[in-house]
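Student: To be precise about what I am sending: the file is called input.csv and holds CSV, C-alpha atoms.
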chain,number,residue,atom,x,y,z
N,1,PRO,CA,3.1,-76.5,-71.7
N,2,SER,CA,3.0,-72.8,-72.5
N,3,PRO,CA,0.6,-71.6,-75.1
N,4,LEU,CA,3.4,-69.5,-76.6
N,5,GLY,CA,5.5,-72.6,-77.2
N,6,GLU,CA,8.7,-74.0,-75.6
N,7,LYS,CA,11.2,-71.5,-77.1
N,8,ALA,CA,9.0,-68.5,-76.3
N,9,SER,CA,8.6,-69.8,-72.7
N,10,LEU,CA,12.3,-70.2,-72.3
N,11,THR,CA,13.0,-66.8,-73.7
N,12,ILE,CA,10.5,-65.1,-71.3
N,13,PHE,CA,11.8,-67.1,-68.4
N,14,GLY,CA,15.4,-65.9,-69.2
N,15,VAL,CA,14.3,-62.3,-69.4
N,16,VAL,CA,12.4,-62.4,-66.1
N,17,SER,CA,15.3,-64.1,-64.4
N,18,GLU,CA,17.7,-61.5,-65.6
N,19,ALA,CA,15.3,-58.7,-64.5
N,20,MET,CA,15.0,-60.2,-61.1
N,21,ALA,CA,18.8,-60.5,-60.8
N,22,LEU,CA,19.2,-56.8,-61.8
N,23,CYS,CA,16.6,-55.9,-59.1
N,24,ARG,CA,18.2,-57.8,-56.3
N,25,PRO,CA,21.0,-55.3,-55.6
N,26,ILE,CA,18.4,-52.5,-55.6
N,27,SER,CA,16.3,-54.5,-53.2
N,28,VAL,CA,19.2,-55.1,-50.8
N,29,ALA,CA,20.2,-51.5,-51.0
N,30,LEU,CA,16.7,-50.2,-50.3
N,31,THR,CA,16.4,-52.7,-47.4
N,32,CYS,CA,19.7,-51.5,-45.9
N,33,PHE,CA,18.6,-47.9,-46.3
N,34,ALA,CA,15.2,-48.6,-44.6
N,35,VAL,CA,16.9,-50.3,-41.6
N,36,CYS,CA,19.6,-47.6,-41.3
N,37,LEU,CA,16.9,-44.9,-41.5
N,38,GLN,CA,15.0,-46.6,-38.8
N,39,LEU,CA,18.0,-46.9,-36.5
N,40,ARG,CA,18.8,-43.2,-37.1
N,41,PHE,CA,15.5,-41.8,-36.0
N,42,TRP,CA,14.3,-44.6,-33.7
N,43,PRO,CA,17.4,-46.0,-31.8
N,44,SER,CA,15.6,-49.0,-30.3
N,45,PRO,CA,12.8,-50.0,-32.6
N,46,ARG,CA,11.3,-53.4,-33.2
N,47,LEU,CA,11.9,-54.6,-36.7
N,48,SER,CA,8.2,-55.4,-37.1
N,49,SER,CA,7.4,-51.7,-37.1
N,50,LEU,CA,9.0,-51.3,-40.5
N,51,SER,CA,6.4,-50.7,-43.2
N,52,PHE,CA,9.0,-51.3,-46.0
N,53,VAL,CA,10.8,-54.6,-46.2
N,54,GLY,CA,12.1,-54.5,-49.8
N,55,PHE,CA,11.5,-56.5,-52.9
N,56,GLY,CA,12.1,-60.1,-53.5
N,57,SER,CA,11.2,-63.4,-51.9
N,58,SER,CA,9.8,-64.0,-48.4
N,59,SER,CA,13.3,-64.5,-47.1
N,60,THR,CA,14.0,-60.8,-47.4
N,61,ALA,CA,12.4,-60.1,-44.0
N,62,ALA,CA,14.7,-62.7,-42.5
N,63,ARG,CA,17.7,-61.2,-44.2
N,64,THR,CA,16.6,-57.8,-42.9
N,65,GLN,CA,16.3,-59.2,-39.3
N,66,ARG,CA,19.8,-60.6,-39.5
N,67,LEU,CA,21.1,-57.3,-40.8
N,68,HIS,CA,19.3,-55.5,-37.9
N,69,ARG,CA,20.8,-57.9,-35.3
N,70,ALA,CA,24.3,-57.3,-36.8
N,71,LEU,CA,23.9,-53.6,-36.6
N,72,ARG,CA,22.7,-53.9,-32.9
N,73,ALA,CA,25.2,-56.6,-32.0
N,74,SER,CA,27.1,-56.8,-28.7
N,75,PRO,CA,30.3,-54.8,-28.5
N,76,GLU,CA,33.5,-56.7,-29.3
N,77,THR,CA,34.7,-56.2,-25.7
N,78,ALA,CA,33.0,-55.5,-22.3
N,79,VAL,CA,32.0,-51.8,-21.9
N,80,GLU,CA,30.0,-49.9,-19.3
N,81,GLY,CA,26.3,-50.2,-19.4
N,82,TRP,CA,26.2,-53.8,-20.6
N,83,GLY,CA,25.3,-56.9,-18.5
N,84,ALA,CA,28.2,-59.2,-17.9
N,85,ARG,CA,28.3,-62.9,-16.9
N,86,ILE,CA,31.5,-64.2,-15.5
N,87,GLU,CA,33.0,-67.3,-14.0
N,88,TYR,CA,35.7,-66.7,-11.3
N,89,THR,CA,38.0,-68.3,-8.8
N,90,GLY,CA,39.6,-66.4,-5.9
N,91,THR,CA,42.9,-67.7,-4.6
N,92,LEU,CA,44.9,-66.5,-1.5
N,93,GLU,CA,48.7,-66.1,-1.6
N,94,ASN,CA,49.1,-69.6,0.0
N,95,GLY,CA,47.0,-71.2,-2.8
N,96,THR,CA,43.8,-71.6,-0.8
N,97,VAL,CA,40.7,-71.1,-2.9
N,98,PHE,CA,38.2,-69.0,-0.9
N,99,ALA,CA,35.6,-68.3,-3.5
N,100,THR,CA,34.5,-69.8,-6.9
N,101,THR,CA,31.6,-70.2,-9.3
N,102,ASP,CA,32.6,-73.7,-10.1
N,103,GLY,CA,29.5,-75.9,-10.1
N,104,GLN,CA,27.3,-72.7,-9.9
N,105,GLU,CA,25.7,-70.2,-12.2
N,106,PRO,CA,28.0,-67.4,-13.5
N,107,LEU,CA,27.9,-64.1,-11.6
N,108,GLU,CA,25.8,-61.6,-13.4
N,109,PHE,CA,26.2,-57.8,-13.0
N,110,VAL,CA,25.9,-54.5,-14.8
N,111,ILE,CA,29.3,-53.1,-15.8
N,112,GLY,CA,29.5,-49.6,-14.3
N,113,GLU,CA,27.1,-50.2,-11.5
N,114,GLU,CA,29.3,-52.4,-9.1
N,115,GLY,CA,32.2,-50.1,-8.3
N,116,SER,CA,34.3,-53.1,-7.4
N,117,TRP,CA,37.0,-55.4,-8.6
N,118,VAL,CA,34.7,-57.2,-11.1
N,119,GLU,CA,34.6,-54.2,-13.4
N,120,GLU,CA,38.3,-53.9,-13.5
N,121,ALA,CA,38.5,-57.6,-14.2
N,122,VAL,CA,36.1,-57.6,-17.2
N,123,LEU,CA,36.5,-54.2,-18.9
N,124,GLY,CA,38.1,-54.7,-22.3
N,125,LEU,CA,37.6,-58.5,-22.3
N,126,ALA,CA,35.9,-60.3,-25.2
N,127,VAL,CA,33.5,-63.1,-24.5
N,128,GLY,CA,35.6,-66.2,-23.9
N,129,GLU,CA,38.7,-64.3,-22.7
N,130,SER,CA,40.2,-64.6,-19.2
N,131,ARG,CA,42.2,-62.4,-16.9
N,132,ASP,CA,44.0,-62.8,-13.6
N,133,LEU,CA,43.5,-59.7,-11.4
N,134,LEU,CA,45.9,-59.3,-8.5
N,135,LEU,CA,44.4,-57.5,-5.5
N,136,GLY,CA,47.4,-56.9,-3.2
N,137,ALA,CA,47.7,-55.9,0.4
N,138,ASP,CA,47.4,-52.2,-0.8
N,139,ARG,CA,43.9,-52.9,-2.0
N,140,PRO,CA,42.6,-56.1,-0.5
N,141,ILE,CA,39.3,-57.5,-1.8
N,142,TYR,CA,37.7,-57.3,1.6
N,143,GLY,CA,39.2,-54.0,2.5
N,144,THR,CA,41.3,-53.0,5.5
N,145,TRP,CA,40.5,-53.7,9.1
N,146,GLN,CA,38.4,-50.9,10.7
N,147,GLN,CA,37.9,-50.4,14.4
N,148,ASN,CA,34.4,-48.9,13.9
N,149,LYS,CA,33.3,-52.3,12.6
N,150,VAL,CA,33.8,-53.8,16.1
N,151,ARG,CA,30.4,-53.2,17.6
N,152,GLU,CA,29.2,-53.7,21.1
N,153,VAL,CA,25.8,-55.4,21.4
N,154,PRO,CA,23.8,-56.8,24.4
N,155,VAL,CA,24.4,-60.4,25.0
N,156,LYS,CA,20.7,-61.1,25.2
N,157,THR,CA,20.3,-60.0,21.5
N,158,LEU,CA,22.7,-62.7,20.3
N,159,PRO,CA,21.2,-65.7,18.5
N,160,LYS,CA,19.6,-68.2,20.9
N,161,GLY,CA,22.2,-70.7,22.0
N,162,ALA,CA,25.1,-68.7,20.8
N,163,GLU,CA,28.4,-68.9,22.6
N,164,THR,CA,29.4,-65.8,24.4
N,165,LYS,CA,33.1,-66.1,25.0
N,166,ALA,CA,35.9,-64.5,23.1
N,167,GLY,CA,36.9,-66.2,19.9
N,168,ASP,CA,33.6,-67.8,19.2
N,169,LEU,CA,31.9,-67.3,15.8
N,170,LEU,CA,28.3,-66.1,15.2
N,171,ARG,CA,26.0,-65.9,12.3
N,172,ASP,CA,24.0,-62.9,11.3
N,173,ALA,CA,21.2,-63.3,8.7
N,174,ASP,CA,22.3,-60.1,6.9
N,175,VAL,CA,26.0,-61.1,6.7
N,176,GLU,CA,27.4,-63.8,4.4
N,177,TYR,CA,30.3,-64.7,6.7
N,178,ALA,CA,30.8,-65.7,10.3
N,179,LEU,CA,31.3,-62.9,12.9
N,180,LYS,CA,33.9,-63.2,15.6
N,181,VAL,CA,33.2,-62.5,19.3
N,182,VAL,CA,36.1,-60.3,20.4
N,183,ALA,CA,35.2,-59.9,24.1
N,184,VAL,CA,32.4,-60.4,26.6
N,185,ASP,CA,32.0,-57.9,29.4
N,186,GLY,CA,29.0,-58.7,31.6
N,187,GLU,CA,25.8,-58.1,29.7
N,188,ASN,CA,27.6,-56.8,26.5
N,189,ALA,CA,29.7,-58.5,23.8
N,190,SER,CA,32.0,-57.0,21.3
N,191,ILE,CA,31.5,-58.4,17.8
N,192,ASP,CA,33.9,-57.9,14.9
N,193,TYR,CA,32.0,-57.3,11.7
N,194,ASN,CA,35.2,-57.1,9.6
N,195,HIS,CA,35.4,-59.9,7.0
N,196,PRO,CA,37.5,-62.9,8.1
N,197,LEU,CA,39.8,-62.3,5.1
N,198,VAL,CA,40.1,-58.5,5.7
N,199,GLY,CA,43.5,-57.2,4.6
N,200,ARG,CA,44.5,-60.4,2.7
N,201,ALA,CA,45.9,-60.3,-0.8
N,202,CYS,CA,44.5,-62.6,-3.5
N,203,THR,CA,44.2,-63.2,-7.2
N,204,MET,CA,40.8,-63.3,-8.9
N,205,SER,CA,40.9,-65.5,-12.1
N,206,VAL,CA,38.0,-64.3,-14.2
N,207,ARG,CA,36.5,-65.6,-17.5
N,208,LEU,CA,33.9,-63.5,-19.4
N,209,VAL,CA,31.2,-65.9,-20.6
N,210,GLY,CA,28.5,-63.5,-21.8
N,211,LEU,CA,27.5,-59.9,-22.6
N,212,ASP,CA,23.9,-58.8,-22.7
N,213,GLU,CA,22.4,-55.4,-23.6
N,214,LEU,CA,20.3,-54.0,-20.8
N,215,ALA,CA,16.8,-52.7,-21.3
N,216,GLU,CA,16.3,-49.0,-20.3
N,217,ALA,CA,14.1,-50.2,-17.4
N,218,GLU,CA,17.2,-52.1,-15.9
N,219,ARG,CA,19.6,-49.1,-15.8
N,220,VAL,CA,20.4,-46.6,-13.1
N,221,VAL,CA,21.8,-43.4,-14.6
N,222,ILE,CA,24.3,-41.6,-12.3
N,223,GLU,CA,25.1,-37.9,-12.9
N,224,ARG,CA,27.9,-36.6,-10.6
N,225,VAL,CA,27.3,-33.2,-9.1
N,226,SER,CA,30.5,-33.0,-7.0
N,227,PRO,CA,33.3,-35.6,-6.5
N,228,GLY,CA,34.1,-37.6,-3.4
N,229,ASP,CA,37.5,-38.7,-2.2
N,230,GLY,CA,37.6,-41.3,-5.0
N,231,LYS,CA,39.0,-44.0,-2.6
N,232,SER,CA,36.4,-44.9,0.0
N,233,PHE,CA,33.5,-46.8,-1.7
N,234,PRO,CA,30.7,-48.8,0.1
N,235,LYS,CA,30.8,-52.5,0.3
N,236,ARG,CA,27.8,-54.8,0.8
N,237,GLY,CA,26.7,-54.7,4.4
N,238,ASP,CA,28.3,-51.3,5.2
N,239,THR,CA,26.3,-48.8,7.2
N,240,LEU,CA,26.0,-45.5,5.2
N,241,SER,CA,24.9,-42.1,6.3
N,242,MET,CA,23.4,-40.0,3.5
N,243,HIS,CA,21.4,-37.0,2.7
N,244,TYR,CA,18.9,-37.2,-0.2
N,245,THR,CA,16.0,-35.4,-1.9
N,246,GLY,CA,13.6,-37.7,-3.8
N,247,SER,CA,11.3,-36.5,-6.6
N,248,LEU,CA,9.1,-37.9,-9.3
N,249,ALA,CA,10.8,-37.9,-12.8
N,250,SER,CA,7.5,-37.1,-14.5
N,251,SER,CA,6.6,-33.9,-12.6
N,252,GLY,CA,9.6,-33.0,-10.4
N,253,VAL,CA,7.4,-33.1,-7.3
N,254,VAL,CA,9.5,-33.8,-4.2
N,255,PHE,CA,8.1,-36.7,-2.1
N,256,ASP,CA,10.9,-36.9,0.6
N,257,ASP,CA,13.8,-34.8,1.7
N,258,SER,CA,16.3,-35.8,4.5
N,259,ARG,CA,18.0,-32.4,4.4
N,260,GLY,CA,15.1,-30.9,6.3
N,261,LYS,CA,15.3,-33.5,9.1
N,262,ALA,CA,17.4,-33.6,12.2
N,263,GLU,CA,19.6,-36.5,11.2
N,264,PRO,CA,20.9,-37.9,7.9
N,265,PHE,CA,19.4,-41.2,6.7
N,266,LYS,CA,21.3,-44.3,7.8
N,267,PHE,CA,21.0,-47.8,6.3
N,268,ARG,CA,23.0,-50.9,5.4
N,269,ILE,CA,23.8,-51.1,1.7
N,270,GLY,CA,23.4,-54.2,-0.5
N,271,ILE,CA,21.1,-56.2,1.7
N,272,GLY,CA,17.7,-55.0,0.5
N,273,GLN,CA,17.0,-52.3,3.1
N,274,VAL,CA,16.5,-49.7,0.3
N,275,ILE,CA,15.2,-49.9,-3.2
N,276,GLN,CA,17.4,-51.7,-5.8
N,277,GLY,CA,18.2,-48.4,-7.6
N,278,TRP,CA,19.9,-47.2,-4.4
N,279,ASP,CA,21.8,-50.5,-3.8
N,280,LYS,CA,23.1,-50.3,-7.4
N,281,GLY,CA,23.8,-46.6,-7.7
N,282,VAL,CA,25.2,-45.7,-4.3
N,283,MET,CA,27.7,-48.5,-4.5
N,284,LYS,CA,29.5,-46.4,-7.1
N,285,MET,CA,29.8,-43.3,-4.9
N,286,SER,CA,32.8,-42.4,-2.7
N,287,ILE,CA,32.7,-40.5,0.6
N,288,GLY,CA,31.8,-36.9,0.1
N,289,GLU,CA,30.3,-37.4,-3.3
N,290,ARG,CA,27.0,-35.8,-4.4
N,291,ALA,CA,25.2,-37.3,-7.4
N,292,ILE,CA,21.8,-37.5,-9.1
N,293,LEU,CA,20.4,-41.0,-9.4
N,294,LYS,CA,17.8,-41.5,-12.2
N,295,ILE,CA,16.0,-44.7,-11.2
N,296,PRO,CA,13.4,-46.5,-13.4
N,297,ALA,CA,10.3,-47.8,-11.8
N,298,SER,CA,11.4,-51.4,-12.0
N,299,LEU,CA,14.3,-50.6,-9.7
N,300,GLY,CA,12.2,-48.3,-7.5
N,301,TYR,CA,8.8,-49.1,-6.2
N,302,GLY,CA,7.5,-50.9,-9.3
N,303,SER,CA,3.8,-51.4,-10.0
N,304,ARG,CA,2.8,-51.1,-6.4
N,305,GLY,CA,4.1,-47.5,-5.8
N,306,ALA,CA,4.6,-46.3,-2.3
N,307,GLY,CA,1.7,-44.7,-0.3
N,308,ARG,CA,0.0,-41.6,-1.8
N,309,ASP,CA,3.2,-39.8,-2.8
N,310,ILE,CA,4.7,-42.3,-5.3
N,311,PRO,CA,2.2,-43.7,-7.8
N,312,PRO,CA,2.6,-47.1,-9.5
N,313,ASN,CA,5.3,-47.4,-12.2
N,314,ALA,CA,6.9,-44.1,-11.3
N,315,ASP,CA,10.4,-43.3,-12.4
N,316,LEU,CA,12.3,-41.5,-9.7
N,317,ILE,CA,15.1,-39.0,-9.3
N,318,PHE,CA,17.2,-38.8,-6.1
N,319,ASP,CA,19.7,-36.0,-5.3
N,320,VAL,CA,22.0,-38.0,-2.9
N,321,GLU,CA,25.2,-37.2,-0.9
N,322,LEU,CA,27.3,-39.9,0.8
N,323,LEU,CA,28.4,-38.5,4.2
N,324,ALA,CA,29.9,-41.5,6.0
N,325,ILE,CA,30.7,-45.3,5.7
N,326,SER,CA,30.9,-47.5,8.8
Mind turning the file's structure into C-alpha cells?
Tutor:
Amino acid sequence: PSPLGEKASLTIFGVVSEAMALCRPISVALTCFAVCLQLRFWPSPRLSSLSFVGFGSSSTAARTQRLHRALRASPETAVEGWGARIEYTGTLENGTVFATTDGQEPLEFVIGEEGSWVEEAVLGLAVGESRDLLLGADRPIYGTWQQNKVREVPVKTLPKGAETKAGDLLRDADVEYALKVVAVDGENASIDYNHPLVGRACTMSVRLVGLDELAEAERVVIERVSPGDGKSFPKRGDTLSMHYTGSLASSGVVFDDSRGKAEPFKFRIGIGQVIQGWDKGVMKMSIGERAILKIPASLGYGSRGAGRDIPPNADLIFDVELLAIS
C-alpha cells in the first residue's frame, strides 16, 4: 500500500499514465526523425549505430528496427541492381520441355548484369508473379547458327575413346551440351560448337520467387564510354577478343594494358577463365562497345591479390573494348 493512501496513489498513477500517453507521439516522432536523419546522411547504416532511440519502453528499439526495415524494404517490382531468384520452364513450339528448375534450386542472378532473356522476363514483376516470354525465331534463346563455331581440331585431341565419324556426339568439360562431329578428314575433325537448339523458338515461363538487395561488394558498375551495335552480345562459352587497361581503384596505377601488346586478349566468357567481374560485366557489352568496369575485390582477386601488382582486397577498374565474338 502507498504511504500516501489509496486515492492519492490512484490519482498519481492516472497523472503519470496521462503524461506517458502524451509523450508517446513525441517519442515516435523523434524516433522517426532520428532514423530518417540517419538514412539521409548515412545511406546504408546499421541501426545499432544510432545513439538516440527515443523514449518509452524497451520495445521502442524493436519498433525503430521495424521502421528502418520498412524504409529499406525491397522494391515493389524487380529493378536493376537487385538480386533475383526465379523458377522457370522452357518449352519448344512442339511442347517439348528442354529446361526447367523443377526439383532444383531457383536460378539466382543480378538484374542488369546478365544481358539475356532472364532480365526481360523479370523486370517489372512483383514477387510471386509470373510471365511467359516468347523467344521467336527472330531472337532464339540459343542464337542463330554461326559458321565460325564449326572448329577444326586434331583427332588425337578428342576425348579418349570418342567416336570420330560424322554425326557422333562429344562432350567438352567447358560446354554444358553435347557437340556434334560434322566431318572427319584424316587427322582432323570438324566439331560444331553451336548449341543443339540453335535457331529454335521457345517460350520461357518464369515465376519471380524472391528479390534481394545486393551488398556493394557484390556489384559490378558499368559506365559506357562508347556504344556497340546493341545487337551482338556474348553468351556463355563464346570466345571474345578484347582490349583492356587495368588499374587499381585506390591509386589509379595501371597494372596491365593489352593495347600495348601485339594482339588483343582472347578468352572464353562465362566459364571461369577470367575474374568474376569480367564474366558479369562483359556479358552486358555488345560488339564495338567500350566501357569502364568498376569491380570490387570480391569479384576480382579477393584477399589473395595477384602477384606484386595487385594487392589483397584491391578494387579494380578496367577500361575494356569488345572487338569480336566467335
Student: Nearest to Gly228 in chain N among N:Gly277, N:Pro106, N:Gly288, N:Gly300, with distances taken over only C-alpha atoms: which residue is it?
Tutor: N:Gly288
Student: For Thr239 in chain N, find every residue with an atom within 9 Å (counting all atoms listed in the file), except residues of its own chain fewer than 6 positions away, and show them as a list in words.
Tutor: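 Selected residues are Lys266, Phe267, Arg268, Ile269, Ala324, Ile325 and Ser326 of chain N.
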Student: Tell me, as a ChimeraX atom specification, which residues lie within 10 Å of Val181 in chain N, counting only C-alpha atoms; anything in the same chain fewer than 3 positions away does not count.
Tutor: /N:150-152,163-170,178,184,189-193
Student: Can you measure CA of Glu289 in chain N to CA of Ala121 in chain N for me? One decimal in Å is fine.
Tutor: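 If I compute the distance from CA of Glu289 in chain N to CA of Ala121 in chain N, I get 24.4 Å.
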Student: So that I can see what lies close to Glu218 in chain N, please list as a PyMOL selection string the residues with an atom at most 8 Å from it, counting all atoms listed in the file and leaving out residues fewer than 5 positions away in the same chain.
Tutor: chain N and resi 296+298-299
Student: Any chance you could export the current selection's C-alpha atoms as an mmCIF file, in the coordinates of the input?
Tutor:
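As a result, out-v3.cif now contains:
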data_model
loop_
_atom_site.group_PDB
_atom_site.id
_atom_site.type_symbol
_atom_site.label_atom_id
_atom_site.label_comp_id
_atom_site.auth_asym_id
_atom_site.auth_seq_id
_atom_site.Cartn_x
_atom_site.Cartn_y
_atom_site.Cartn_z
ATOM 1 C CA PRO N 296 13.400 -46.500 -13.400
ATOM 2 C CA SER N 298 11.400 -51.400 -12.000
ATOM 3 C CA LEU N 299 14.300 -50.600 -9.700
#
Student: Do you know which residues are at most 10 Å from Leu135 in chain N counting only C-alpha atoms, after dropping those on the same chain fewer than 4 positions away, and could you put them as a list in words?
Tutor: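 Final neighbour list, sorted by chain and number: Leu92, Trp117, Arg139, Pro140, Ile141, Tyr142, Arg200, Ala201, Cys202, Thr203 and Met204 of chain N.
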Student: Counting all atoms listed in the file, which residues sit no farther than 6 Å from the position (22.7, -38.2, -1.5) in the file's frame? I'd like them as a list in words.
Tutor: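 Collected hits near the coordinates: Met242, His243, Tyr244, Arg290, Asp319, Val320, Glu321 and Leu322 of chain N.
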Student: Atoms to include: C-alpha atoms. Write the selected residues as a PDB file, in the frame of the given file.
Tutor:
ATOM      1  CA  MET N 242      23.400 -40.000   3.500  1.00  0.00           C
ATOM      2  CA  HIS N 243      21.400 -37.000   2.700  1.00  0.00           C
ATOM      3  CA  TYR N 244      18.900 -37.200  -0.200  1.00  0.00           C
ATOM      4  CA  ARG N 290      27.000 -35.800  -4.400  1.00  0.00           C
ATOM      5  CA  ASP N 319      19.700 -36.000  -5.300  1.00  0.00           C
ATOM      6  CA  VAL N 320      22.000 -38.000  -2.900  1.00  0.00           C
ATOM      7  CA  GLU N 321      25.200 -37.200  -0.900  1.00  0.00           C
ATOM      8  CA  LEU N 322      27.300 -39.900   0.800  1.00  0.00           C
TER       9      LEU N 322
END
Student: Which one is closest to Thr91 in chain N: N:Val220, N:Ser116, N:Phe255, N:Gly136? Count all atoms listed in the file.
Tutor: N:Gly136
Student: For Ala173 in chain N, which of N:Val153, N:Ile271, N:Ala291, N:Ala297 is the closest residue, counting only C-alpha atoms?
Tutor: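 Under the stated criterion, the closest residue is N:Ile271.
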